[in-house]
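Trainee: Dropping in work.pdb, which is PDB, C-alpha atoms:
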ATOM      1  CA  MET A  39      11.196  18.797 -33.940
ATOM      2  CA  ASP A  40      14.488  16.940 -34.278
ATOM      3  CA  ILE A  41      14.614  13.853 -32.071
ATOM      4  CA  VAL A  42      18.132  14.698 -30.856
ATOM      5  CA  THR A  43      17.234  18.221 -29.762
ATOM      6  CA  SER A  44      14.001  17.010 -28.096
ATOM      7  CA  PHE A  45      15.894  14.448 -26.016
ATOM      8  CA  THR A  46      16.892  16.898 -23.281
ATOM      9  CA  ILE A  47      17.103  16.346 -19.535
ATOM     10  CA  GLU A  48      14.129  18.648 -19.126
ATOM     11  CA  ASN A  49      11.981  16.534 -21.442
ATOM     12  CA  VAL A  50      13.063  13.264 -19.811
ATOM     13  CA  PHE A  51      12.125  14.654 -16.402
ATOM     14  CA  ARG A  52       8.810  15.781 -17.823
ATOM     15  CA  ILE A  53       8.065  12.280 -19.150
ATOM     16  CA  ILE A  54       9.037  10.711 -15.782
ATOM     17  CA  LYS A  55       6.667  13.109 -14.013
ATOM     18  CA  ILE A  56       3.830  12.245 -16.396
ATOM     19  CA  VAL A  57       4.405   8.489 -15.905
ATOM     20  CA  VAL A  58       4.473   8.864 -12.101
ATOM     21  CA  ALA A  59       1.310  11.008 -12.190
ATOM     22  CA  ILE A  60      -0.455   8.402 -14.368
ATOM     23  CA  PHE A  61       0.531   5.602 -11.960
ATOM     24  CA  THR A  62      -0.751   7.611  -9.009
ATOM     25  CA  LEU A  63      -4.059   8.316 -10.730
ATOM     26  CA  ILE A  64      -4.489   4.682 -11.775
ATOM     27  CA  PHE A  65      -3.734   3.425  -8.258
ATOM     28  CA  THR A  66      -6.253   5.781  -6.643
ATOM     29  CA  LEU A  67      -8.839   4.770  -9.251
ATOM     30  CA  PHE A  68      -8.188   1.090  -8.400
ATOM     31  CA  VAL A  69      -8.866   1.873  -4.742
ATOM     32  CA  LEU A  70     -12.119   3.589  -5.754
ATOM     33  CA  ARG A  71     -13.126   0.534  -7.817
ATOM     34  CA  HIS A  72     -12.304  -1.729  -4.883
ATOM     35  CA  LEU A  73     -14.390   0.465  -2.575
ATOM     36  CA  PHE A  74     -17.431   0.048  -4.852
ATOM     37  CA  ASP A  75     -16.870  -3.715  -4.754
ATOM     38  CA  LEU A  76     -16.734  -3.673  -0.956
ATOM     39  CA  GLN A  77     -19.856  -1.545  -0.700
ATOM     40  CA  TYR A  78     -21.738  -3.922  -3.007
ATOM     41  CA  ASN A  79     -21.223  -6.787  -0.557
ATOM     42  CA  TYR A  80     -21.986  -4.977   2.641
ATOM     43  CA  LYS A  81     -23.960  -1.736   2.536
ATOM     44  CA  SER A  82     -22.359   0.706   4.908
ATOM     45  CA  LYS A  83     -23.641   4.150   5.838
ATOM     46  CA  ALA A  84     -20.071   5.455   5.920
ATOM     47  CA  PHE A  85     -19.739   4.990   2.143
ATOM     48  CA  PRO A  86     -20.216   8.705   1.219
ATOM     49  CA  ILE A  87     -17.414   9.695   3.619
ATOM     50  CA  PHE A  88     -15.108   7.103   2.071
ATOM     51  CA  ILE A  89     -16.000   8.330  -1.413
ATOM     52  CA  ILE A  90     -15.168  11.923  -0.424
ATOM     53  CA  LEU A  91     -11.798  10.855   1.031
ATOM     54  CA  ILE A  92     -10.736   8.851  -2.004
ATOM     55  CA  GLY A  93     -12.288  11.504  -4.280
ATOM     56  CA  ILE A  94      -9.953  14.135  -2.819
ATOM     57  CA  LEU A  95      -6.939  11.943  -3.629
ATOM     58  CA  ILE A  96      -8.211  11.311  -7.170
ATOM     59  CA  PHE A  97      -8.783  15.036  -7.660
ATOM     60  CA  ILE A  98      -5.230  15.882  -6.527
ATOM     61  CA  SER A  99      -3.571  13.176  -8.636
ATOM     62  CA  GLY A 100      -5.786  14.102 -11.599
ATOM     63  CA  SER A 101      -4.827  17.755 -11.318
ATOM     64  CA  PHE A 102      -1.118  16.761 -11.246
ATOM     65  CA  LEU A 103      -1.579  14.975 -14.532
ATOM     66  CA  LEU A 104      -3.699  17.721 -16.042
ATOM     67  CA  GLN A 105      -1.085  20.424 -15.399
ATOM     68  CA  PHE A 106       1.253  18.812 -17.957
ATOM     69  CA  PHE A 107      -1.318  19.032 -20.701
ATOM     70  CA  LEU A 108      -2.532  22.531 -19.883
ATOM     71  CA  ASN A 109       0.951  24.123 -19.850
TER      72      ASN A 109
ATOM     73  CA  MET B  13     -28.096  -7.590  21.801
ATOM     74  CA  ILE B  14     -30.847  -7.737  19.232
ATOM     75  CA  ASN B  15     -31.604  -4.043  19.746
ATOM     76  CA  ASP B  16     -28.021  -2.940  19.190
ATOM     77  CA  LYS B  17     -28.427   0.447  17.452
ATOM     78  CA  ARG B  18     -25.238  -0.020  15.436
ATOM     79  CA  THR B  19     -26.437  -3.216  13.791
ATOM     80  CA  GLU B  20     -30.018  -2.290  12.970
ATOM     81  CA  PRO B  21     -29.792  -0.291   9.714
ATOM     82  CA  LEU B  22     -27.255  -2.469   7.943
ATOM     83  CA  SER B  23     -27.938  -4.638   4.956
ATOM     84  CA  PHE B  24     -25.876  -6.789   2.645
ATOM     85  CA  CYS B  25     -26.067  -7.881  -0.976
ATOM     86  CA  THR B  26     -27.780 -11.266  -0.633
ATOM     87  CA  GLN B  27     -30.066 -10.407   2.278
ATOM     88  CA  ASN B  28     -33.518 -11.994   2.091
ATOM     89  CA  SER B  29     -36.614  -9.955   2.837
ATOM     90  CA  ASP B  30     -37.415 -12.015   5.946
ATOM     91  CA  GLU B  31     -33.827 -12.156   7.139
ATOM     92  CA  LYS B  32     -33.060 -10.297  10.334
ATOM     93  CA  VAL B  33     -29.536  -9.284  11.289
ATOM     94  CA  PHE B  34     -28.630  -9.991  14.907
ATOM     95  CA  LYS B  35     -25.027  -8.921  15.034
ATOM     96  CA  ILE B  36     -22.109  -7.702  12.946
ATOM     97  CA  LEU B  37     -18.572  -8.358  14.078
ATOM     98  CA  ARG B  38     -15.158  -7.138  13.010
ATOM     99  CA  ARG B  39     -11.594  -8.110  13.768
ATOM    100  CA  GLY B  40     -10.192  -6.165  16.707
ATOM    101  CA  PHE B  41      -8.762  -2.897  15.413
ATOM    102  CA  VAL B  42      -5.773  -3.322  17.685
ATOM    103  CA  LEU B  43      -4.450  -5.929  15.240
ATOM    104  CA  GLU B  44      -4.328  -3.238  12.546
ATOM    105  CA  LEU B  45      -1.959  -1.106  14.608
ATOM    106  CA  PRO B  46       1.356  -2.510  13.217
ATOM    107  CA  TRP B  47       0.645  -1.432   9.639
ATOM    108  CA  LEU B  48      -0.978   1.793  10.853
ATOM    109  CA  ILE B  49       2.165   2.803  12.771
ATOM    110  CA  LEU B  50       4.329   1.930   9.757
ATOM    111  CA  PHE B  51       1.992   3.925   7.523
ATOM    112  CA  VAL B  52       2.126   7.043   9.734
ATOM    113  CA  LEU B  53       5.938   6.816   9.960
ATOM    114  CA  SER B  54       6.286   6.459   6.171
ATOM    115  CA  ILE B  55       3.997   9.388   5.416
ATOM    116  CA  GLY B  56       5.777  11.492   8.078
ATOM    117  CA  LEU B  57       9.181  10.609   6.644
ATOM    118  CA  LEU B  58       8.095  11.446   3.091
ATOM    119  CA  THR B  59       6.544  14.723   4.231
ATOM    120  CA  TYR B  60       9.559  15.950   6.172
ATOM    121  CA  ALA B  61      12.188  14.571   3.776
ATOM    122  CA  GLY B  62      11.733  17.537   1.398
ATOM    123  CA  PRO B  63      14.147  20.010   3.044
ATOM    124  CA  LEU B  64      16.744  17.261   3.589
ATOM    125  CA  ILE B  65      16.671  16.318  -0.103
ATOM    126  CA  SER B  66      16.995  19.977  -1.132
ATOM    127  CA  ASP B  67      20.194  20.232   0.905
ATOM    128  CA  PHE B  68      21.785  17.329  -0.982
ATOM    129  CA  PHE B  69      21.054  18.495  -4.525
ATOM    130  CA  ASN B  70      21.827  21.870  -6.060
ATOM    131  CA  ASN B  71      20.195  21.201  -9.399
ATOM    132  CA  LYS B  72      16.754  22.832  -9.508
ATOM    133  CA  GLU B  73      15.406  20.289 -12.009
ATOM    134  CA  VAL B  74      16.472  17.313  -9.878
ATOM    135  CA  ILE B  75      14.905  18.834  -6.744
ATOM    136  CA  SER B  76      11.713  19.507  -8.692
ATOM    137  CA  ILE B  77      11.370  15.899  -9.903
ATOM    138  CA  ILE B  78      12.215  14.427  -6.485
ATOM    139  CA  ASP B  79       9.611  16.685  -4.881
ATOM    140  CA  PHE B  80       7.068  15.639  -7.483
ATOM    141  CA  VAL B  81       7.721  11.921  -6.954
ATOM    142  CA  ARG B  82       7.637  12.461  -3.176
ATOM    143  CA  VAL B  83       4.192  14.084  -3.320
ATOM    144  CA  CYS B  84       2.928  11.322  -5.622
ATOM    145  CA  LEU B  85       4.244   8.687  -3.195
ATOM    146  CA  ILE B  86       2.433  10.452  -0.335
ATOM    147  CA  ILE B  87      -0.821  10.349  -2.343
ATOM    148  CA  MET B  88      -0.314   6.667  -3.189
ATOM    149  CA  GLY B  89       0.539   5.966   0.455
ATOM    150  CA  LEU B  90      -2.641   7.679   1.620
ATOM    151  CA  ALA B  91      -4.657   5.708  -0.951
ATOM    152  CA  TYR B  92      -3.015   2.479   0.240
ATOM    153  CA  GLY B  93      -3.736   3.354   3.889
ATOM    154  CA  LEU B  94      -7.365   4.100   3.039
ATOM    155  CA  ASN B  95      -7.566   0.806   1.158
ATOM    156  CA  ARG B  96      -6.248  -1.121   4.178
ATOM    157  CA  TYR B  97      -8.782   0.653   6.396
ATOM    158  CA  PHE B  98     -11.617  -0.111   3.950
ATOM    159  CA  ASN B  99     -10.591  -3.763   3.943
ATOM    160  CA  TRP B 100     -10.762  -3.893   7.739
ATOM    161  CA  PHE B 101     -14.029  -1.961   7.849
ATOM    162  CA  TYR B 102     -15.816  -4.094   5.255
ATOM    163  CA  SER B 103     -14.445  -7.460   6.437
ATOM    164  CA  VAL B 104     -17.377  -8.305   8.648
ATOM    165  CA  ASN B 105     -18.948 -11.382  10.140
ATOM    166  CA  ILE B 106     -22.725 -11.214  10.055
ATOM    167  CA  ILE B 107     -25.059 -13.271  12.213
ATOM    168  CA  THR B 108     -28.651 -13.385  11.024
ATOM    169  CA  ASN B 109     -31.636 -15.518  11.969
ATOM    170  CA  GLN B 110     -30.994 -17.729   8.898
ATOM    171  CA  ARG B 111     -27.218 -17.945   8.440
ATOM    172  CA  LEU B 112     -23.720 -16.815   9.300
ATOM    173  CA  ILE B 113     -21.741 -14.895   6.693
ATOM    174  CA  ASP B 114     -18.030 -14.160   6.687
ATOM    175  CA  PHE B 115     -16.872 -11.393   4.326
ATOM    176  CA  GLU B 116     -13.114 -11.251   4.080
ATOM    177  CA  PHE B 117     -11.137  -8.716   2.050
ATOM    178  CA  ASN B 118      -7.364  -8.616   2.093
ATOM    179  CA  GLU B 119      -5.911  -6.759  -0.845
ATOM    180  CA  LEU B 120      -7.138  -5.017  -3.996
ATOM    181  CA  GLY B 121      -9.437  -7.399  -5.847
ATOM    182  CA  ILE B 122      -9.064 -10.323  -3.425
ATOM    183  CA  LYS B 123     -12.140 -11.367  -1.510
ATOM    184  CA  SER B 124     -13.596 -14.402   0.155
ATOM    185  CA  ILE B 125     -17.228 -14.777   1.154
ATOM    186  CA  THR B 126     -18.297 -17.812   3.181
ATOM    187  CA  GLU B 127     -21.761 -18.490   4.489
ATOM    188  CA  CYS B 128     -23.435 -21.318   6.322
ATOM    189  CA  GLN B 129     -27.037 -21.949   7.223
ATOM    190  CA  ILE B 130     -27.945 -21.964  10.905
ATOM    191  CA  LYS B 131     -29.409 -25.465  10.565
ATOM    192  CA  ASN B 132     -25.997 -26.832   9.494
ATOM    193  CA  ILE B 133     -24.087 -25.601  12.540
ATOM    194  CA  GLN B 134     -22.747 -28.458  14.628
ATOM    195  CA  SER B 135     -20.705 -26.746  17.297
ATOM    196  CA  VAL B 136     -19.025 -23.471  18.173
ATOM    197  CA  ASN B 137     -15.526 -23.442  19.655
ATOM    198  CA  ILE B 138     -13.587 -20.558  21.119
ATOM    199  CA  LYS B 139      -9.862 -20.501  20.472
ATOM    200  CA  ASN B 140      -7.571 -18.070  22.255
ATOM    201  CA  GLU B 141      -4.095 -17.806  20.827
ATOM    202  CA  GLY B 142      -1.339 -15.229  20.686
ATOM    203  CA  PHE B 143      -0.106 -12.592  23.070
ATOM    204  CA  LEU B 144      -2.201  -9.782  21.527
ATOM    205  CA  SER B 145      -5.357 -11.887  21.871
ATOM    206  CA  PHE B 146      -4.548 -12.495  25.514
ATOM    207  CA  LEU B 147      -3.742  -8.846  26.135
ATOM    208  CA  PHE B 148      -6.788  -7.335  24.460
ATOM    209  CA  GLY B 149      -9.369 -10.067  25.095
ATOM    210  CA  LEU B 150      -9.685 -11.206  21.485
ATOM    211  CA  ALA B 151     -10.557 -14.742  20.459
ATOM    212  CA  THR B 152     -11.295 -16.751  17.351
ATOM    213  CA  LEU B 153     -14.681 -18.424  17.095
ATOM    214  CA  ASN B 154     -14.471 -21.664  15.149
ATOM    215  CA  ILE B 155     -17.901 -22.682  13.852
ATOM    216  CA  LEU B 156     -18.061 -26.312  12.729
ATOM    217  CA  THR B 157     -20.713 -27.282  10.224
ATOM    218  CA  SER B 158     -22.120 -30.575   9.074
ATOM    219  CA  GLY B 159     -21.323 -32.412   5.848
ATOM    220  CA  ASP B 160     -19.695 -30.583   2.972
ATOM    221  CA  ASN B 161     -20.518 -27.137   4.290
ATOM    222  CA  PRO B 162     -17.453 -24.990   4.928
ATOM    223  CA  ASN B 163     -16.441 -24.223   8.499
ATOM    224  CA  ILE B 164     -16.450 -20.555   9.413
ATOM    225  CA  ASP B 165     -13.919 -18.727  11.554
ATOM    226  CA  PHE B 166     -14.769 -15.418  13.161
ATOM    227  CA  GLU B 167     -11.214 -14.269  13.744
ATOM    228  CA  TYR B 168      -9.994 -12.097  16.630
ATOM    229  CA  ILE B 169     -13.329 -10.787  17.849
ATOM    230  CA  TYR B 170     -14.248  -9.209  21.163
ATOM    231  CA  ASN B 171     -16.885 -10.724  23.493
ATOM    232  CA  SER B 172     -16.435 -14.188  22.056
ATOM    233  CA  ASN B 173     -18.348 -15.878  24.901
ATOM    234  CA  GLU B 174     -21.359 -13.669  24.285
ATOM    235  CA  ILE B 175     -21.272 -14.418  20.544
ATOM    236  CA  GLN B 176     -20.882 -18.146  21.169
ATOM    237  CA  ASP B 177     -23.934 -18.022  23.399
ATOM    238  CA  LEU B 178     -25.901 -16.051  20.795
ATOM    239  CA  ILE B 179     -25.087 -18.561  18.034
ATOM    240  CA  SER B 180     -25.988 -21.472  20.294
ATOM    241  CA  ASP B 181     -29.310 -19.812  21.132
ATOM    242  CA  ILE B 182     -30.104 -19.172  17.463
ATOM    243  CA  THR B 183     -29.182 -22.756  16.571
ATOM    244  CA  ARG B 184     -31.491 -24.117  19.250
ATOM    245  CA  GLY B 185     -34.199 -21.657  18.198
ATOM    246  CA  THR B 186     -34.430 -20.169  21.638
ATOM    247  CA  HIS B 187     -33.169 -16.701  20.748
ATOM    248  CA  ALA B 188     -35.729 -13.902  21.217
ATOM    249  CA  LYS B 189     -37.403 -13.173  17.877
TER     250      LYS B 189
END
Any chance you could give the structure as structure tokens?
Mentor:
Amino acid sequence: MDIVTSFTIENVFRIIKIVVAIFTLIFTLFVLRHLFDLQYNYKSKAFPIFIILIGILIFISGSFLLQFFLN
Amino acid sequence: MINDKRTEPLSFCTQNSDEKVFKILRRGFVLELPWLILFVLSIGLLTYAGPLISDFFNNKEVISIIDFVRVCLIIMGLAYGLNRYFNWFYSVNIITNQRLIDFEFNELGIKSITECQIKNIQSVNIKNEGFLSFLFGLATLNILTSGDNPNIDFEYIYNSNEIQDLISDITRGTHAK
């Protein structure tokens, strides 16, 4: 594909979306990593609930990213 | 106090087999309200900003990308809010029969863990400062230790008099085993 023809507004928007989705996924994964660190220090019984909550966010941000590669 | 159901099943990473937890304490949740209100307002604004943005732009592509970024920001905002809550929840002060431990977590990857042995405690002071502390009965317990051992602050806790008494009892060895 010619680089000039591929440099369309549609493609630029697509790249921006992918970058934003990657940032979102990375941030939620950082929070998950931090949660494991917190749980290591002080063992809480609420840990599974926290994992489910952050897991939902990771699943949503992961599915955002995945849609670009499946289409 | 020793039979507090909420404190019984807990454990922490460096707990000894013969170490018994008497009490866990957290900062008053009321001090978390400023960021919580800001968080709810931000998420609400991002959620309901969609139709307003659509009115400004006619280009379908532009609306699509703004909507996408908006949803991503909501997800990141929720993750940030959860992270702040986790930090509050896991930042605990633990009183055991052998030592006092202060776990403090502020941001991603930043933590501070201070502990001091019961035998090194010199005195326990209560410090009341700030309007919120006055309003909601919170106080800071300043635990002074001997020698090079670090002092420990239990910041903005409820029932500070009761906790001061408990620590004094443990230090003197008169607390019920």
Trainee: One decimal, Å: what's the distance from atom CA of B:Phe166 over to atom CA of B:Asn154, could you say?
Mentor: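 These atoms are spaced 6.6 Å apart.
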Trainee: From the set A:Thr46, A:Ile53, A:Thr66, A:Pro86, which residue has the shortest atom-to-atom contact distance to chain B, counting only C-alpha atoms?
Mentor: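 Of A:Thr46, A:Ile53, A:Thr66, A:Pro86, the one nearest chain B is A:Thr66, counting only C-alpha atoms.
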Trainee: Find, counting only C-alpha atoms, the residue in A:Phe102, A:Phe107, A:Tyr80, A:Phe85 that gets nearest to chain B.
Mentor: A:Tyr80
Trainee: Name every residue that the ChimeraX specification (/B :<7) & /A selects in this structure, writing the answer as a list of chain:residue names with chains first and numbers rising.
Mentor: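 Applying the ChimeraX specification (/B :<7) & /A to the structure shown produces A:Phe51, A:Lys55, A:Val58, A:Ala59, A:Thr62, A:Phe65, A:Thr66, A:Val69, A:His72, A:Leu76, A:Tyr78, A:Asn79, A:Tyr80, A:Lys81, A:Ser82, A:Ile92, A:Leu95.
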Trainee: Translate the PyMOL selection byres ((chain B and resi 126) around 10), as applied to the file shown, into an explicit residue set as a short mmCIF file (atom, residue, chain, number, x, y, z; two decimals) with C-alpha atoms, in the coordinates of the input.
Mentor:
data_model
loop_
_atom_site.label_atom_id
_atom_site.label_comp_id
_atom_site.auth_asym_id
_atom_site.auth_seq_id
_atom_site.Cartn_x
_atom_site.Cartn_y
_atom_site.Cartn_z
CA ASN B 105 -18.95 -11.38 10.14
CA LEU B 112 -23.72 -16.82 9.30
CA ILE B 113 -21.74 -14.90 6.69
CA ASP B 114 -18.03 -14.16 6.69
CA PHE B 115 -16.87 -11.39 4.33
CA GLU B 116 -13.11 -11.25 4.08
CA SER B 124 -13.60 -14.40 0.16
CA ILE B 125 -17.23 -14.78 1.15
CA GLU B 127 -21.76 -18.49 4.49
CA CYS B 128 -23.44 -21.32 6.32
CA ASN B 161 -20.52 -27.14 4.29
CA PRO B 162 -17.45 -24.99 4.93
CA ASN B 163 -16.44 -24.22 8.50
CA ILE B 164 -16.45 -20.56 9.41
CA ASP B 165 -13.92 -18.73 11.55
#
Trainee: Please complete stretch 94-129 of chain B with N, CA and C atoms and give it back as a PDB file, in the coordinates of the input.
Mentor:
ATOM      1  N   LEU B  94      -5.894   4.111   3.091  1.00  0.00           N
ATOM      2  CA  LEU B  94      -7.365   4.100   3.039  1.00  0.00           C
ATOM      3  C   LEU B  94      -7.866   2.718   2.627  1.00  0.00           C
ATOM      4  N   ASN B  95      -7.169   2.134   1.639  1.00  0.00           N
ATOM      5  CA  ASN B  95      -7.566   0.806   1.158  1.00  0.00           C
ATOM      6  C   ASN B  95      -7.471  -0.234   2.267  1.00  0.00           C
ATOM      7  N   ARG B  96      -6.396  -0.182   3.057  1.00  0.00           N
ATOM      8  CA  ARG B  96      -6.248  -1.121   4.178  1.00  0.00           C
ATOM      9  C   ARG B  96      -7.371  -0.921   5.192  1.00  0.00           C
ATOM     10  N   TYR B  97      -7.698   0.364   5.453  1.00  0.00           N
ATOM     11  CA  TYR B  97      -8.782   0.653   6.396  1.00  0.00           C
ATOM     12  C   TYR B  97     -10.124   0.130   5.857  1.00  0.00           C
ATOM     13  N   PHE B  98     -10.362   0.376   4.561  1.00  0.00           N
ATOM     14  CA  PHE B  98     -11.617  -0.111   3.950  1.00  0.00           C
ATOM     15  C   PHE B  98     -11.716  -1.628   4.094  1.00  0.00           C
ATOM     16  N   ASN B  99     -10.586  -2.302   3.849  1.00  0.00           N
ATOM     17  CA  ASN B  99     -10.591  -3.763   3.943  1.00  0.00           C
ATOM     18  C   ASN B  99     -10.963  -4.220   5.347  1.00  0.00           C
ATOM     19  N   TRP B 100     -10.414  -3.539   6.350  1.00  0.00           N
ATOM     20  CA  TRP B 100     -10.762  -3.893   7.739  1.00  0.00           C
ATOM     21  C   TRP B 100     -12.239  -3.588   8.007  1.00  0.00           C
ATOM     22  N   PHE B 101     -12.671  -2.415   7.557  1.00  0.00           N
ATOM     23  CA  PHE B 101     -14.029  -1.961   7.849  1.00  0.00           C
ATOM     24  C   PHE B 101     -15.085  -2.869   7.209  1.00  0.00           C
ATOM     25  N   TYR B 102     -14.806  -3.312   5.982  1.00  0.00           N
ATOM     26  CA  TYR B 102     -15.816  -4.094   5.255  1.00  0.00           C
ATOM     27  C   TYR B 102     -15.684  -5.602   5.478  1.00  0.00           C
ATOM     28  N   SER B 103     -14.586  -6.027   6.133  1.00  0.00           N
ATOM     29  CA  SER B 103     -14.445  -7.460   6.437  1.00  0.00           C
ATOM     30  C   SER B 103     -15.246  -7.751   7.697  1.00  0.00           C
ATOM     31  N   VAL B 104     -16.487  -8.121   7.502  1.00  0.00           N
ATOM     32  CA  VAL B 104     -17.377  -8.305   8.648  1.00  0.00           C
ATOM     33  C   VAL B 104     -17.892  -9.733   8.720  1.00  0.00           C
ATOM     34  N   ASN B 105     -18.253 -10.116   9.924  1.00  0.00           N
ATOM     35  CA  ASN B 105     -18.948 -11.382  10.140  1.00  0.00           C
ATOM     36  C   ASN B 105     -20.380 -11.009  10.521  1.00  0.00           C
ATOM     37  N   ILE B 106     -21.328 -11.573   9.813  1.00  0.00           N
ATOM     38  CA  ILE B 106     -22.725 -11.214  10.055  1.00  0.00           C
ATOM     39  C   ILE B 106     -23.486 -12.428  10.580  1.00  0.00           C
ATOM     40  N   ILE B 107     -24.214 -12.205  11.656  1.00  0.00           N
ATOM     41  CA  ILE B 107     -25.059 -13.271  12.213  1.00  0.00           C
ATOM     42  C   ILE B 107     -26.509 -12.865  11.989  1.00  0.00           C
ATOM     43  N   THR B 108     -27.233 -13.670  11.244  1.00  0.00           N
ATOM     44  CA  THR B 108     -28.651 -13.385  11.024  1.00  0.00           C
ATOM     45  C   THR B 108     -29.475 -14.551  11.584  1.00  0.00           C
ATOM     46  N   ASN B 109     -30.784 -14.426  11.467  1.00  0.00           N
ATOM     47  CA  ASN B 109     -31.636 -15.518  11.969  1.00  0.00           C
ATOM     48  C   ASN B 109     -31.627 -16.739  11.045  1.00  0.00           C
ATOM     49  N   GLN B 110     -31.017 -16.602   9.841  1.00  0.00           N
ATOM     50  CA  GLN B 110     -30.994 -17.729   8.898  1.00  0.00           C
ATOM     51  C   GLN B 110     -29.602 -18.307   8.660  1.00  0.00           C
ATOM     52  N   ARG B 111     -28.574 -17.461   8.790  1.00  0.00           N
ATOM     53  CA  ARG B 111     -27.218 -17.945   8.440  1.00  0.00           C
ATOM     54  C   ARG B 111     -26.127 -17.088   9.061  1.00  0.00           C
ATOM     55  N   LEU B 112     -24.909 -17.578   8.905  1.00  0.00           N
ATOM     56  CA  LEU B 112     -23.720 -16.815   9.300  1.00  0.00           C
ATOM     57  C   LEU B 112     -22.950 -16.501   8.022  1.00  0.00           C
ATOM     58  N   ILE B 113     -22.489 -15.282   7.894  1.00  0.00           N
ATOM     59  CA  ILE B 113     -21.741 -14.895   6.693  1.00  0.00           C
ATOM     60  C   ILE B 113     -20.412 -14.288   7.123  1.00  0.00           C
ATOM     61  N   ASP B 114     -19.367 -14.664   6.402  1.00  0.00           N
ATOM     62  CA  ASP B 114     -18.030 -14.160   6.687  1.00  0.00           C
ATOM     63  C   ASP B 114     -17.496 -13.480   5.432  1.00  0.00           C
ATOM     64  N   PHE B 115     -17.471 -12.144   5.433  1.00  0.00           N
ATOM     65  CA  PHE B 115     -16.872 -11.393   4.326  1.00  0.00           C
ATOM     66  C   PHE B 115     -15.418 -11.127   4.684  1.00  0.00           C
ATOM     67  N   GLU B 116     -14.524 -11.486   3.792  1.00  0.00           N
ATOM     68  CA  GLU B 116     -13.114 -11.251   4.080  1.00  0.00           C
ATOM     69  C   GLU B 116     -12.436 -10.596   2.875  1.00  0.00           C
ATOM     70  N   PHE B 117     -11.847  -9.429   3.114  1.00  0.00           N
ATOM     71  CA  PHE B 117     -11.137  -8.716   2.050  1.00  0.00           C
ATOM     72  C   PHE B 117      -9.717  -8.464   2.519  1.00  0.00           C
ATOM     73  N   ASN B 118      -8.756  -8.806   1.688  1.00  0.00           N
ATOM     74  CA  ASN B 118      -7.364  -8.616   2.093  1.00  0.00           C
ATOM     75  C   ASN B 118      -6.659  -7.541   1.279  1.00  0.00           C
ATOM     76  N   GLU B 119      -6.612  -7.720   0.005  1.00  0.00           N
ATOM     77  CA  GLU B 119      -5.911  -6.759  -0.845  1.00  0.00           C
ATOM     78  C   GLU B 119      -6.852  -6.323  -1.967  1.00  0.00           C
ATOM     79  N   LEU B 120      -6.343  -5.474  -2.856  1.00  0.00           N
ATOM     80  CA  LEU B 120      -7.138  -5.017  -3.996  1.00  0.00           C
ATOM     81  C   LEU B 120      -7.600  -6.215  -4.822  1.00  0.00           C
ATOM     82  N   GLY B 121      -8.904  -6.354  -4.961  1.00  0.00           N
ATOM     83  CA  GLY B 121      -9.437  -7.399  -5.847  1.00  0.00           C
ATOM     84  C   GLY B 121      -9.460  -8.808  -5.268  1.00  0.00           C
ATOM     85  N   ILE B 122      -9.045  -8.982  -4.018  1.00  0.00           N
ATOM     86  CA  ILE B 122      -9.064 -10.323  -3.425  1.00  0.00           C
ATOM     87  C   ILE B 122     -10.142 -10.358  -2.354  1.00  0.00           C
ATOM     88  N   LYS B 123     -11.091 -11.274  -2.522  1.00  0.00           N
ATOM     89  CA  LYS B 123     -12.140 -11.367  -1.510  1.00  0.00           C
ATOM     90  C   LYS B 123     -12.553 -12.814  -1.306  1.00  0.00           C
ATOM     91  N   SER B 124     -13.104 -13.065  -0.130  1.00  0.00           N
ATOM     92  CA  SER B 124     -13.596 -14.402   0.155  1.00  0.00           C
ATOM     93  C   SER B 124     -14.880 -14.247   0.960  1.00  0.00           C
ATOM     94  N   ILE B 125     -15.938 -14.858   0.460  1.00  0.00           N
ATOM     95  CA  ILE B 125     -17.228 -14.777   1.154  1.00  0.00           C
ATOM     96  C   ILE B 125     -17.688 -16.201   1.477  1.00  0.00           C
ATOM     97  N   THR B 126     -17.858 -16.480   2.758  1.00  0.00           N
ATOM     98  CA  THR B 126     -18.297 -17.812   3.181  1.00  0.00           C
ATOM     99  C   THR B 126     -19.592 -17.655   3.961  1.00  0.00           C
ATOM    100  N   GLU B 127     -20.530 -18.540   3.698  1.00  0.00           N
ATOM    101  CA  GLU B 127     -21.761 -18.490   4.489  1.00  0.00           C
ATOM    102  C   GLU B 127     -22.199 -19.899   4.854  1.00  0.00           C
ATOM    103  N   CYS B 128     -22.867 -20.013   5.967  1.00  0.00           N
ATOM    104  CA  CYS B 128     -23.435 -21.318   6.322  1.00  0.00           C
ATOM    105  C   CYS B 128     -24.800 -21.112   6.973  1.00  0.00           C
ATOM    106  N   GLN B 129     -25.685 -22.022   6.677  1.00  0.00           N
ATOM    107  CA  GLN B 129     -27.037 -21.949   7.223  1.00  0.00           C
ATOM    108  C   GLN B 129     -27.009 -22.324   8.701  1.00  0.00           C
TER     109      GLN B 129
END
